[in-house]
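Colleague: Data: input_5.cif, mmCIF, C-alpha atoms and all ligand atoms.
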data_data
#
loop_
_atom_site.label_atom_id
_atom_site.label_comp_id
_atom_site.auth_asym_id
_atom_site.auth_seq_id
_atom_site.Cartn_x
_atom_site.Cartn_y
_atom_site.Cartn_z
CA MET A 1 12.18 -41.28 -42.57
CA THR A 2 12.15 -44.15 -45.01
CA GLY A 3 15.77 -44.94 -46.02
CA GLY A 4 16.81 -48.53 -45.22
CA VAL A 5 13.80 -49.12 -43.05
CA PRO A 6 13.39 -52.71 -41.80
CA GLU A 7 9.89 -54.14 -42.22
CA ALA A 8 8.24 -54.77 -38.84
CA GLY A 9 8.24 -58.51 -38.18
CA GLN A 10 10.92 -59.26 -40.82
CA GLY A 11 13.95 -60.54 -38.91
CA GLY A 12 15.70 -59.34 -35.77
CA SER A 13 18.20 -56.57 -35.10
CA PRO A 14 20.84 -56.21 -32.40
CA ALA A 15 19.39 -52.95 -31.07
CA ALA A 16 16.01 -51.51 -31.90
CA ARG A 17 15.72 -48.25 -33.77
CA LYS A 18 14.03 -45.49 -31.83
CA LEU A 19 10.49 -44.38 -32.73
CA ASP A 20 11.27 -40.84 -31.66
CA GLY A 21 8.04 -39.26 -30.44
CA LYS A 22 9.71 -36.10 -29.20
CA ALA A 23 11.33 -35.22 -32.52
CA THR A 24 8.26 -36.28 -34.53
CA ALA A 25 5.95 -34.21 -32.33
CA ALA A 26 8.24 -31.20 -32.76
CA ALA A 27 7.99 -31.55 -36.57
CA ILE A 28 4.18 -31.82 -36.39
CA LYS A 29 3.97 -28.76 -34.14
CA ALA A 30 6.00 -26.73 -36.64
CA GLU A 31 3.51 -27.76 -39.39
CA LEU A 32 0.55 -26.87 -37.16
CA ALA A 33 2.00 -23.45 -36.28
CA GLU A 34 1.75 -22.53 -39.99
CA ARG A 35 -1.89 -23.65 -40.15
CA VAL A 36 -2.69 -21.68 -36.98
CA LYS A 37 -1.12 -18.58 -38.55
CA ALA A 38 -3.45 -18.97 -41.54
CA LEU A 39 -6.48 -19.47 -39.29
CA ARG A 40 -5.64 -16.33 -37.33
CA ALA A 41 -5.32 -14.37 -40.57
CA GLU A 42 -8.88 -15.49 -41.43
CA GLY A 43 -10.14 -14.37 -37.98
CA LYS A 44 -10.61 -18.00 -36.85
CA ALA A 45 -8.19 -18.10 -33.90
CA PRO A 46 -8.34 -21.56 -32.30
CA GLY A 47 -8.63 -21.91 -28.51
CA LEU A 48 -8.13 -25.13 -26.51
CA GLY A 49 -10.02 -25.55 -23.25
CA THR A 50 -9.14 -28.08 -20.55
CA VAL A 51 -11.18 -29.37 -17.63
CA LEU A 52 -8.87 -30.63 -14.88
CA VAL A 53 -10.38 -32.06 -11.71
CA GLY A 54 -8.11 -32.60 -8.70
CA GLU A 55 -4.34 -32.63 -8.34
CA ASP A 56 -3.17 -36.00 -9.62
CA PRO A 57 0.48 -35.22 -10.50
CA GLY A 58 0.31 -36.98 -13.87
CA SER A 59 -2.86 -35.16 -14.95
CA VAL A 60 -1.53 -31.80 -13.68
CA SER A 61 1.68 -32.31 -15.66
CA TYR A 62 -0.14 -33.43 -18.86
CA VAL A 63 -2.53 -30.47 -18.79
CA ALA A 64 0.37 -28.05 -18.20
CA GLY A 65 2.15 -29.63 -21.18
CA LYS A 66 -0.93 -29.22 -23.38
CA HIS A 67 -1.09 -25.49 -22.58
CA ARG A 68 2.67 -25.08 -23.17
CA ASP A 69 2.17 -26.69 -26.59
CA CYS A 70 -0.70 -24.30 -27.31
CA ALA A 71 1.51 -21.29 -26.58
CA GLU A 72 4.20 -22.77 -28.85
CA VAL A 73 1.90 -23.04 -31.90
CA GLY A 74 -0.25 -19.94 -31.27
CA ILE A 75 -3.43 -21.59 -29.92
CA GLU A 76 -5.26 -19.74 -27.13
CA SER A 77 -5.63 -21.52 -23.75
CA ILE A 78 -8.72 -21.66 -21.56
CA ARG A 79 -8.57 -23.52 -18.22
CA GLU A 80 -11.27 -24.91 -15.97
CA ASP A 81 -9.43 -26.22 -12.88
CA LEU A 82 -11.68 -27.77 -10.24
CA PRO A 83 -10.86 -29.26 -6.83
CA ALA A 84 -10.88 -33.05 -6.34
CA SER A 85 -14.03 -32.60 -4.28
CA ALA A 86 -15.97 -31.16 -7.27
CA SER A 87 -19.39 -32.78 -7.70
CA GLN A 88 -20.69 -34.32 -10.92
CA GLU A 89 -22.88 -31.22 -11.37
CA GLU A 90 -19.91 -28.84 -10.94
CA ILE A 91 -17.89 -30.77 -13.51
CA VAL A 92 -20.80 -30.77 -15.97
CA ALA A 93 -21.21 -27.01 -15.35
CA ALA A 94 -17.54 -26.48 -16.37
CA VAL A 95 -18.19 -28.53 -19.53
CA GLU A 96 -21.26 -26.41 -20.31
CA ARG A 97 -19.24 -23.19 -19.85
CA LEU A 98 -16.75 -24.41 -22.45
CA ASN A 99 -19.60 -25.48 -24.77
CA ALA A 100 -20.92 -21.90 -24.59
CA ASP A 101 -17.58 -20.03 -24.76
CA PRO A 102 -16.90 -18.80 -28.33
CA ALA A 103 -13.17 -18.37 -27.55
CA CYS A 104 -12.99 -22.11 -26.83
CA THR A 105 -13.13 -23.81 -30.22
CA ALA A 106 -12.28 -27.27 -28.85
CA TYR A 107 -11.60 -28.80 -25.45
CA ILE A 108 -10.81 -31.89 -23.41
CA VAL A 109 -11.78 -33.28 -20.03
CA GLN A 110 -8.57 -34.66 -18.54
CA LEU A 111 -8.96 -38.34 -17.61
CA PRO A 112 -9.20 -40.14 -15.33
CA LEU A 113 -11.78 -38.18 -13.33
CA PRO A 114 -11.76 -38.74 -9.55
CA ARG A 115 -13.36 -41.92 -8.20
CA GLY A 116 -17.11 -41.55 -7.78
CA VAL A 117 -17.55 -39.30 -10.84
CA ASP A 118 -19.47 -40.85 -13.75
CA GLN A 119 -16.87 -40.28 -16.47
CA ASN A 120 -19.07 -41.36 -19.38
CA ALA A 121 -21.88 -39.05 -18.26
CA VAL A 122 -19.40 -36.13 -18.32
CA LEU A 123 -18.02 -37.08 -21.77
CA GLU A 124 -21.58 -37.21 -23.14
CA ARG A 125 -22.09 -33.55 -22.22
CA ILE A 126 -19.19 -32.36 -24.42
CA ASP A 127 -20.38 -30.61 -27.59
CA PRO A 128 -19.25 -33.20 -30.21
CA ASN A 129 -18.24 -30.32 -32.50
CA LYS A 130 -15.77 -29.12 -29.83
CA ASP A 131 -14.52 -32.58 -28.84
CA ALA A 132 -10.71 -32.29 -29.12
CA ASP A 133 -10.15 -35.85 -27.81
CA GLY A 134 -12.60 -37.68 -30.08
CA LEU A 135 -14.07 -39.35 -27.00
CA HIS A 136 -17.68 -38.13 -27.26
CA PRO A 137 -19.95 -41.09 -28.15
CA THR A 138 -20.88 -39.40 -31.45
CA ASN A 139 -17.23 -39.18 -32.50
CA LEU A 140 -16.43 -42.69 -31.27
CA GLY A 141 -19.49 -43.82 -33.29
CA ARG A 142 -18.13 -42.00 -36.35
CA LEU A 143 -14.84 -43.84 -35.82
CA VAL A 144 -16.76 -47.15 -35.88
CA LEU A 145 -18.72 -46.15 -39.00
CA SER A 146 -15.77 -44.78 -40.96
CA VAL A 147 -14.20 -48.01 -42.21
CA GLY A 148 -11.99 -46.21 -44.72
CA GLY A 149 -11.57 -42.92 -42.84
CA GLU A 150 -14.12 -41.23 -45.13
CA ILE A 151 -15.95 -39.48 -42.26
CA ARG A 152 -13.98 -36.52 -40.91
CA SER A 153 -14.14 -36.55 -37.12
CA PRO A 154 -11.55 -36.04 -34.38
CA LEU A 155 -9.66 -39.25 -33.55
CA PRO A 156 -8.60 -40.24 -30.03
CA CYS A 157 -5.16 -38.65 -29.62
CA THR A 158 -3.00 -41.56 -28.46
CA PRO A 159 -4.16 -44.05 -31.14
CA ALA A 160 -3.80 -41.35 -33.82
CA GLY A 161 -0.35 -40.47 -32.44
CA ILE A 162 0.81 -44.09 -32.56
CA LEU A 163 -0.24 -44.46 -36.21
CA GLU A 164 1.44 -41.17 -37.12
CA LEU A 165 4.62 -42.15 -35.27
CA LEU A 166 4.84 -45.47 -37.12
CA SER A 167 3.97 -43.89 -40.46
CA ARG A 168 6.54 -41.09 -40.14
CA HIS A 169 9.23 -43.72 -39.42
CA GLY A 170 8.21 -45.75 -42.47
CA VAL A 171 6.84 -48.69 -40.46
CA SER A 172 4.06 -50.17 -42.60
CA LEU A 173 1.09 -51.84 -40.94
CA ARG A 174 -0.41 -53.38 -44.07
CA GLY A 175 -1.01 -57.10 -43.57
CA LYS A 176 0.73 -57.03 -40.18
CA ASN A 177 -0.45 -58.79 -37.04
CA VAL A 178 -0.81 -56.30 -34.19
CA ALA A 179 -1.23 -57.22 -30.53
CA VAL A 180 -2.73 -54.47 -28.38
CA VAL A 181 -2.35 -55.09 -24.64
CA GLY A 182 -4.98 -53.11 -22.70
CA ARG A 183 -8.60 -52.15 -23.31
CA GLY A 184 -8.90 -48.64 -21.85
CA VAL A 185 -11.06 -46.17 -23.77
CA THR A 186 -8.25 -43.69 -24.59
CA VAL A 187 -6.04 -46.32 -26.30
CA GLY A 188 -6.82 -50.05 -26.34
CA ARG A 189 -10.46 -50.01 -27.37
CA SER A 190 -10.14 -47.41 -30.10
CA ILE A 191 -6.80 -48.23 -31.72
CA GLY A 192 -8.14 -51.51 -33.15
CA LEU A 193 -10.73 -49.54 -35.14
CA LEU A 194 -7.99 -47.39 -36.67
CA LEU A 195 -5.60 -50.26 -37.36
CA THR A 196 -8.25 -52.22 -39.26
CA ARG A 197 -9.27 -49.26 -41.43
CA ARG A 198 -9.08 -49.71 -45.17
CA GLY A 199 -5.70 -48.34 -46.27
CA ILE A 200 -4.03 -49.27 -42.97
CA ASP A 201 -5.06 -52.92 -43.19
CA ALA A 202 -3.57 -54.46 -40.05
CA THR A 203 -5.07 -57.45 -38.22
CA VAL A 204 -5.57 -56.85 -34.51
CA VAL A 205 -5.84 -58.94 -31.35
CA ASN A 206 -6.87 -56.93 -28.29
CA CYS A 207 -5.50 -58.59 -25.13
CA HIS A 208 -6.65 -57.68 -21.62
CA THR A 209 -6.67 -59.02 -18.07
CA GLY A 210 -9.12 -61.76 -19.10
CA THR A 211 -6.96 -63.00 -22.01
CA ALA A 212 -5.46 -66.48 -21.74
CA ASN A 213 -1.85 -66.86 -22.95
CA VAL A 214 -1.15 -63.14 -23.54
CA GLU A 215 2.55 -63.84 -23.96
CA GLU A 216 1.88 -66.39 -26.70
CA ILE A 217 -0.37 -63.95 -28.60
CA VAL A 218 2.11 -61.07 -28.29
CA ARG A 219 4.95 -63.33 -29.43
CA ARG A 220 3.13 -63.85 -32.77
CA ALA A 221 2.71 -60.10 -33.38
CA ASP A 222 4.68 -57.99 -35.86
CA VAL A 223 3.65 -54.86 -33.96
CA VAL A 224 2.96 -54.64 -30.23
CA VAL A 225 1.11 -51.78 -28.54
CA ALA A 226 1.58 -52.10 -24.77
CA ALA A 227 -1.08 -50.03 -23.01
CA ALA A 228 -1.80 -52.01 -19.85
CA GLY A 229 -0.32 -49.59 -17.31
CA VAL A 230 1.70 -52.41 -15.69
CA ALA A 231 5.36 -51.50 -15.25
CA ARG A 232 7.72 -53.60 -17.40
CA LEU A 233 5.02 -56.19 -18.18
CA VAL A 234 6.41 -56.90 -21.65
CA THR A 235 9.78 -58.65 -21.47
CA PRO A 236 12.10 -59.71 -24.34
CA GLU A 237 10.71 -63.29 -24.27
CA TRP A 238 7.31 -61.89 -25.32
CA ILE A 239 8.65 -60.28 -28.47
CA LYS A 240 9.08 -61.77 -31.93
CA PRO A 241 12.52 -60.80 -33.25
CA GLY A 242 12.17 -57.81 -35.56
CA ALA A 243 8.83 -56.60 -34.19
CA ALA A 244 7.94 -52.94 -33.70
CA VAL A 245 7.05 -52.20 -30.07
CA VAL A 246 5.12 -49.15 -28.91
CA ASP A 247 5.28 -48.51 -25.17
CA VAL A 248 2.19 -46.59 -24.05
CA GLY A 249 1.59 -47.52 -20.39
CA VAL A 250 2.80 -45.18 -17.68
CA SER A 251 3.64 -46.13 -14.10
CA ARG A 252 5.14 -43.53 -11.81
CA ILE A 253 7.65 -45.03 -9.38
CA VAL A 254 10.10 -43.58 -6.89
CA ASP A 255 13.60 -44.46 -8.04
CA PRO A 256 15.29 -46.14 -5.04
CA GLU A 257 18.69 -44.78 -6.15
CA THR A 258 17.76 -41.10 -6.58
CA GLY A 259 14.63 -40.94 -4.38
CA LYS A 260 12.96 -39.08 -7.27
CA ALA A 261 9.69 -40.03 -8.99
CA ARG A 262 10.12 -41.24 -12.55
CA ILE A 263 8.10 -42.80 -15.34
CA VAL A 264 8.40 -46.50 -16.14
CA GLY A 265 6.66 -47.91 -19.21
CA ASP A 266 4.96 -51.25 -19.83
CA VAL A 267 7.96 -52.46 -21.83
CA HIS A 268 11.19 -53.77 -20.29
CA PRO A 269 14.21 -51.87 -21.70
CA ASP A 270 15.86 -55.18 -22.76
CA VAL A 271 13.14 -55.52 -25.42
CA ALA A 272 15.42 -53.21 -27.44
CA GLU A 273 17.71 -56.22 -27.95
CA VAL A 274 14.97 -58.16 -29.78
CA ALA A 275 12.71 -55.58 -31.45
CA ALA A 276 13.51 -53.75 -34.69
CA TRP A 277 11.69 -50.60 -33.55
CA LEU A 278 10.89 -49.33 -30.06
CA SER A 279 9.25 -46.15 -28.90
CA PRO A 280 10.81 -44.96 -25.64
CA ASN A 281 8.70 -44.01 -22.65
CA PRO A 282 8.94 -41.15 -21.85
CA GLY A 283 9.73 -39.52 -25.20
CA GLY A 284 7.55 -41.68 -27.44
CA VAL A 285 3.78 -41.81 -27.42
CA GLY A 286 3.27 -39.02 -24.80
CA PRO A 287 4.54 -36.14 -26.97
CA MET A 288 2.67 -37.64 -29.95
CA THR A 289 -0.58 -37.67 -27.94
CA ARG A 290 -0.14 -33.96 -27.30
CA ALA A 291 0.74 -33.22 -30.93
CA MET A 292 -2.38 -35.05 -32.18
CA LEU A 293 -4.50 -33.10 -29.70
CA LEU A 294 -3.25 -29.88 -31.30
CA ALA A 295 -3.92 -31.38 -34.75
CA ASN A 296 -7.53 -32.08 -33.72
CA VAL A 297 -7.90 -28.49 -32.44
CA VAL A 298 -6.60 -27.11 -35.74
CA ASP A 299 -8.76 -29.49 -37.84
CA ILE A 300 -11.88 -28.45 -35.89
CA ALA A 301 -11.08 -24.73 -36.31
CA GLU A 302 -10.48 -25.20 -40.05
CA ARG A 303 -13.86 -26.95 -40.44
CA LYS A 304 -15.72 -24.17 -38.58
CA PRO A 305 -17.47 -21.62 -40.81
CA CYS A 306 -16.43 -17.98 -40.34
CA ALA A 307 -18.45 -16.14 -37.65
N1 LIG B 401 -8.67 -36.51 -21.89
C1 LIG B 401 -7.62 -37.33 -21.99
N2 LIG B 401 -7.11 -37.86 -20.88
C2 LIG B 401 -6.04 -38.70 -21.00
C3 LIG B 401 -5.45 -38.96 -22.27
C4 LIG B 401 -6.03 -38.37 -23.41
O1 LIG B 401 -5.58 -38.57 -24.56
N3 LIG B 401 -7.10 -37.54 -23.23
N4 LIG B 401 -4.29 -39.71 -22.35
C5 LIG B 401 -3.54 -40.01 -21.14
C6 LIG B 401 -2.60 -38.95 -20.66
N5 LIG B 401 -2.09 -37.97 -21.63
C7 LIG B 401 -2.94 -37.07 -22.17
O2 LIG B 401 -3.78 -36.51 -21.54
C8 LIG B 401 -0.69 -37.78 -21.81
C9 LIG B 401 0.23 -38.69 -21.39
C10 LIG B 401 1.59 -38.43 -21.52
C11 LIG B 401 2.02 -37.23 -22.07
C12 LIG B 401 3.47 -36.88 -22.18
O3 LIG B 401 3.80 -35.92 -22.84
N6 LIG B 401 4.35 -37.60 -21.52
C13 LIG B 401 5.75 -37.30 -21.53
C14 LIG B 401 6.27 -37.33 -20.09
C15 LIG B 401 5.59 -36.29 -19.26
C16 LIG B 401 6.01 -36.33 -17.80
O4 LIG B 401 7.21 -36.38 -17.53
O5 LIG B 401 5.13 -36.29 -16.94
C17 LIG B 401 6.48 -38.34 -22.38
O6 LIG B 401 5.94 -39.44 -22.57
O7 LIG B 401 7.58 -38.04 -22.83
C18 LIG B 401 1.10 -36.33 -22.49
C19 LIG B 401 -0.25 -36.59 -22.37
C20 LIG B 401 -4.52 -40.26 -19.98
N7 LIG B 401 -5.50 -39.25 -19.90
#
Could you take the file, read its structure, and then write that structure out as structure tokens?
Modeller:
Amino acid sequence: MTGGVPEAGQGGSPAARKLDGKATAAAIKAELAERVKALRAEGKAPGLGTVLVGEDPGSVSYVAGKHRDCAEVGIESIREDLPASASQEEIVAAVERLNADPACTAYIVQLPLPRGVDQNAVLERIDPNKDADGLHPTNLGRLVLSVGGEIRSPLPCTPAGILELLSRHGVSLRGKNVAVVGRGVTVGRSIGLLLTRRGIDATVVNCHTGTANVEEIVRRADVVVAAAGVARLVTPEWIKPGAAVVDVGVSRIVDPETGKARIVGDVHPDVAEVAAWLSPNPGGVGPMTRAMLLANVVDIAERKPCA
């Protein structure tokens, strides 16, 4: 998708072009289905495990989506569903079962875990060779060490999905100023490491709740990644005309008109009048996160020696 592509940060446009995560994820899944077919032919069938604790509607829906995706591309599914009351020990026991299960070639612990659970202690128990989210400290350390991407390790899915989404729409990051709003482990903290890699070559400012003059910083950015989880935080006045804007944050609200729950992103819809590129939410980064999870599962299975 390169024809007539405006450079991010180079002049405004009347209505932003869509960074279509749904269509891009569908294309990636079709590519992965071929690789899964080849793995199966070699007797290396990949299997994705999930650990889901509790019944948070978002987490339940995301995990269901991940297993639907698995079925679509031919990856086996293994589920460890625990009640919200599960203790730290019970969650770690589920992690250890997946570490030991040969049918589970890679897995994730769905985040966030319920209040009171030590999330980092759980992530540390994941076998780093089965870490489909790239969130084990060893893999996050490899991300820090791999300045040019020379170390092959799973990357956190949302940051990897954002880079892939921009790349497949021809939006170059080289020499661009990127403002990341939010410092959560799944997006904000790790995406800066990817954006500053050799070959990608962006310059990053990571804004958070302690940042003074966030609006001013964002207004200077050619590319904005909004991952604060604050509904419609980023308004058109924050955006430099012609910027590329990636809406990551998710707030679930009840629509007063329909009475139904719906997703609202961190980015106000009117930003489309100022930005050159905008990823919708839903339909942008979410499907890409799931596609990159499958890509990690396939990469891990391809690296594994035959049994
Ligand atoms: N272990 C992890 N936990 C969490 C991660 C993660 O990468 N690993 N990221 C987020 C949630 N997330 C993945 O788990 C995720 C978010 C959104 C979507 C998605 O497909 N969204 C759809 C809308 C779905 C809906 O209607 O509910 C969209 O954007 O179009 C998938 C995965 C936090 N936790």
Colleague: Which residues sit within 6 Å of ligand LIG 401 (chain B), counting all atoms listed in the file, listed as a PDB file with C-alpha atoms, in the frame of the given file?
Modeller:
ATOM      1  CA  GLY A  58       0.310 -36.980 -13.870  1.00  0.00           C
ATOM      2  CA  SER A  61       1.680 -32.310 -15.660  1.00  0.00           C
ATOM      3  CA  TYR A  62      -0.140 -33.430 -18.860  1.00  0.00           C
ATOM      4  CA  ILE A 108     -10.810 -31.890 -23.410  1.00  0.00           C
ATOM      5  CA  VAL A 109     -11.780 -33.280 -20.030  1.00  0.00           C
ATOM      6  CA  GLN A 110      -8.570 -34.660 -18.540  1.00  0.00           C
ATOM      7  CA  LEU A 111      -8.960 -38.340 -17.610  1.00  0.00           C
ATOM      8  CA  PRO A 112      -9.200 -40.140 -15.330  1.00  0.00           C
ATOM      9  CA  ASP A 133     -10.150 -35.850 -27.810  1.00  0.00           C
ATOM     10  CA  CYS A 157      -5.160 -38.650 -29.620  1.00  0.00           C
ATOM     11  CA  THR A 158      -3.000 -41.560 -28.460  1.00  0.00           C
ATOM     12  CA  THR A 186      -8.250 -43.690 -24.590  1.00  0.00           C
ATOM     13  CA  ASN A 281       8.700 -44.010 -22.650  1.00  0.00           C
ATOM     14  CA  PRO A 282       8.940 -41.150 -21.850  1.00  0.00           C
ATOM     15  CA  GLY A 283       9.730 -39.520 -25.200  1.00  0.00           C
ATOM     16  CA  GLY A 284       7.550 -41.680 -27.440  1.00  0.00           C
ATOM     17  CA  VAL A 285       3.780 -41.810 -27.420  1.00  0.00           C
ATOM     18  CA  GLY A 286       3.270 -39.020 -24.800  1.00  0.00           C
ATOM     19  CA  PRO A 287       4.540 -36.140 -26.970  1.00  0.00           C
ATOM     20  CA  THR A 289      -0.580 -37.670 -27.940  1.00  0.00           C
ATOM     21  CA  ARG A 290      -0.140 -33.960 -27.300  1.00  0.00           C
TER      22      ARG A 290
END
Colleague: What's the 7 Å shell around Lys176 (chain A), counting all atoms listed in the file, without same-chain residues fewer than 5 positions away, as a ChimeraX atom specification?
Modeller: /A:202-203,222
Colleague: Just to confirm, what's the straight-line distance from CA of Leu48 (chain A) to CA of Ile126 (chain A) in Å (one decimal)?
Modeller: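 CA of Ile126 (chain A) lies 13.4 Å from CA of Leu48 (chain A).
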Colleague: Between A:Val63, A:Val250, A:Ala45, A:Ala25, which residue has the minimum interatomic distance to Pro102 (chain A), considering all atoms listed in the file?
Modeller: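 Checking each candidate against Pro102 (chain A), we get A:Ala45 as the closest.
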Colleague: Between A:Arg40, A:Arg252, A:His169, A:Arg183, which one has atoms that come closest to Leu278 (chain A), using all atoms listed in the file?
Modeller: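 The closest residue to Leu278 (chain A) is A:His169.
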Colleague: Ranking A:Leu163, A:Val60, A:Val267, A:Ala27 by minimum distance to Val73 (chain A) and counting all atoms listed in the file, which one comes first?
Modeller: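 The shortest atom-to-atom distance to Val73 (chain A) comes from A:Ala27.
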Colleague: Which one of A:Gly265, A:Pro137, A:Gly161, A:Gly149 sits closest to Thr235 (chain A) if you count all atoms listed in the file?
Modeller: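 Checking each candidate against Thr235 (chain A), we get A:Gly265 as the closest.
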Colleague: Identify, on the basis of only C-alpha atoms, every residue whose closest approach to region 33-39 of chain A does not exceed 9 Å; exclude the query and any residue fewer than 4 positions from it along the same chain; express the result as a PDB file with C-alpha atoms, keeping the file's coordinate frame.
Modeller:
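File around-v3.pdb, as written:
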ATOM      1  CA  ILE A  28       4.180 -31.820 -36.390  1.00  0.00           C
ATOM      2  CA  LYS A  29       3.970 -28.760 -34.140  1.00  0.00           C
ATOM      3  CA  GLY A  43     -10.140 -14.370 -37.980  1.00  0.00           C
ATOM      4  CA  LYS A  44     -10.610 -18.000 -36.850  1.00  0.00           C
ATOM      5  CA  ALA A  45      -8.190 -18.100 -33.900  1.00  0.00           C
ATOM      6  CA  PRO A  46      -8.340 -21.560 -32.300  1.00  0.00           C
ATOM      7  CA  GLU A  72       4.200 -22.770 -28.850  1.00  0.00           C
ATOM      8  CA  VAL A  73       1.900 -23.040 -31.900  1.00  0.00           C
ATOM      9  CA  GLY A  74      -0.250 -19.940 -31.270  1.00  0.00           C
ATOM     10  CA  ILE A  75      -3.430 -21.590 -29.920  1.00  0.00           C
ATOM     11  CA  VAL A 298      -6.600 -27.110 -35.740  1.00  0.00           C
ATOM     12  CA  ALA A 301     -11.080 -24.730 -36.310  1.00  0.00           C
ATOM     13  CA  GLU A 302     -10.480 -25.200 -40.050  1.00  0.00           C
TER      14      GLU A 302
END
Colleague: Nearest to Met288 (chain A): which of A:Val171, A:Leu143, A:Ala15, A:Val246 is it, counting all atoms listed in the file?
Modeller: A:Val246
Colleague: Closest to Pro236 (chain A) among A:Gly134, A:Gly249, A:Pro269, A:Pro256, using all atoms listed in the file?
Modeller: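 Distance minimum relative to Pro236 (chain A) lands on A:Pro269.
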Colleague: Using all atoms listed in the file, give me every residue within 8 Å of (-18.5, -28.5, -25.3) in file coordinates, as a CSV table (one decimal) with C-alpha atoms, in the frame of the given file.
Modeller:
chain,number,residue,atom,x,y,z
A,95,VAL,CA,-18.2,-28.5,-19.5
A,96,GLU,CA,-21.3,-26.4,-20.3
A,97,ARG,CA,-19.2,-23.2,-19.8
A,98,LEU,CA,-16.8,-24.4,-22.4
A,99,ASN,CA,-19.6,-25.5,-24.8
A,100,ALA,CA,-20.9,-21.9,-24.6
A,106,ALA,CA,-12.3,-27.3,-28.8
A,107,TYR,CA,-11.6,-28.8,-25.4
A,125,ARG,CA,-22.1,-33.6,-22.2
A,126,ILE,CA,-19.2,-32.4,-24.4
A,127,ASP,CA,-20.4,-30.6,-27.6
A,128,PRO,CA,-19.2,-33.2,-30.2
A,129,ASN,CA,-18.2,-30.3,-32.5
A,130,LYS,CA,-15.8,-29.1,-29.8
A,131,ASP,CA,-14.5,-32.6,-28.8
Colleague: Applying 12 Å and only C-alpha atoms, which residues near Gly141 (chain A) remain after dropping the ones on its own chain fewer than 4 positions away? List them as a PyMOL selection string.
Modeller: chain A and resi 128+134-137+145-147+151-156+190+193
Colleague: In Å, rounded to a single decimal, give me how far CA of Ala84 (chain A) is from CA of Arg115 (chain A).
Modeller: 9.4 Å
Colleague: Would you list the contacts of Arg189 (chain A) as a list of chain:residue names, taking every protein, DNA or RNA residue within 12 Å and counting only C-alpha atoms, but skipping same-chain residues closer than 6 positions in sequence?
Modeller: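 Once the nearby chain positions are removed, what remains is A:Leu135, A:Leu140, A:Leu143, A:Val144, A:Pro156, A:Thr158, A:Pro159, A:Val180, A:Val181, A:Gly182, A:Arg183, A:Leu195, A:Val204, A:Val205, A:Asn206, A:Cys207, A:His208, A:Val225, A:Ala227, A:Ala228.
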Colleague: Would you compute the distance between CA of Val218 (chain A) and CA of Met292 (chain A)? Give it in Å to one decimal.
Modeller: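 Here the two named atoms are 26.7 Å from each other.
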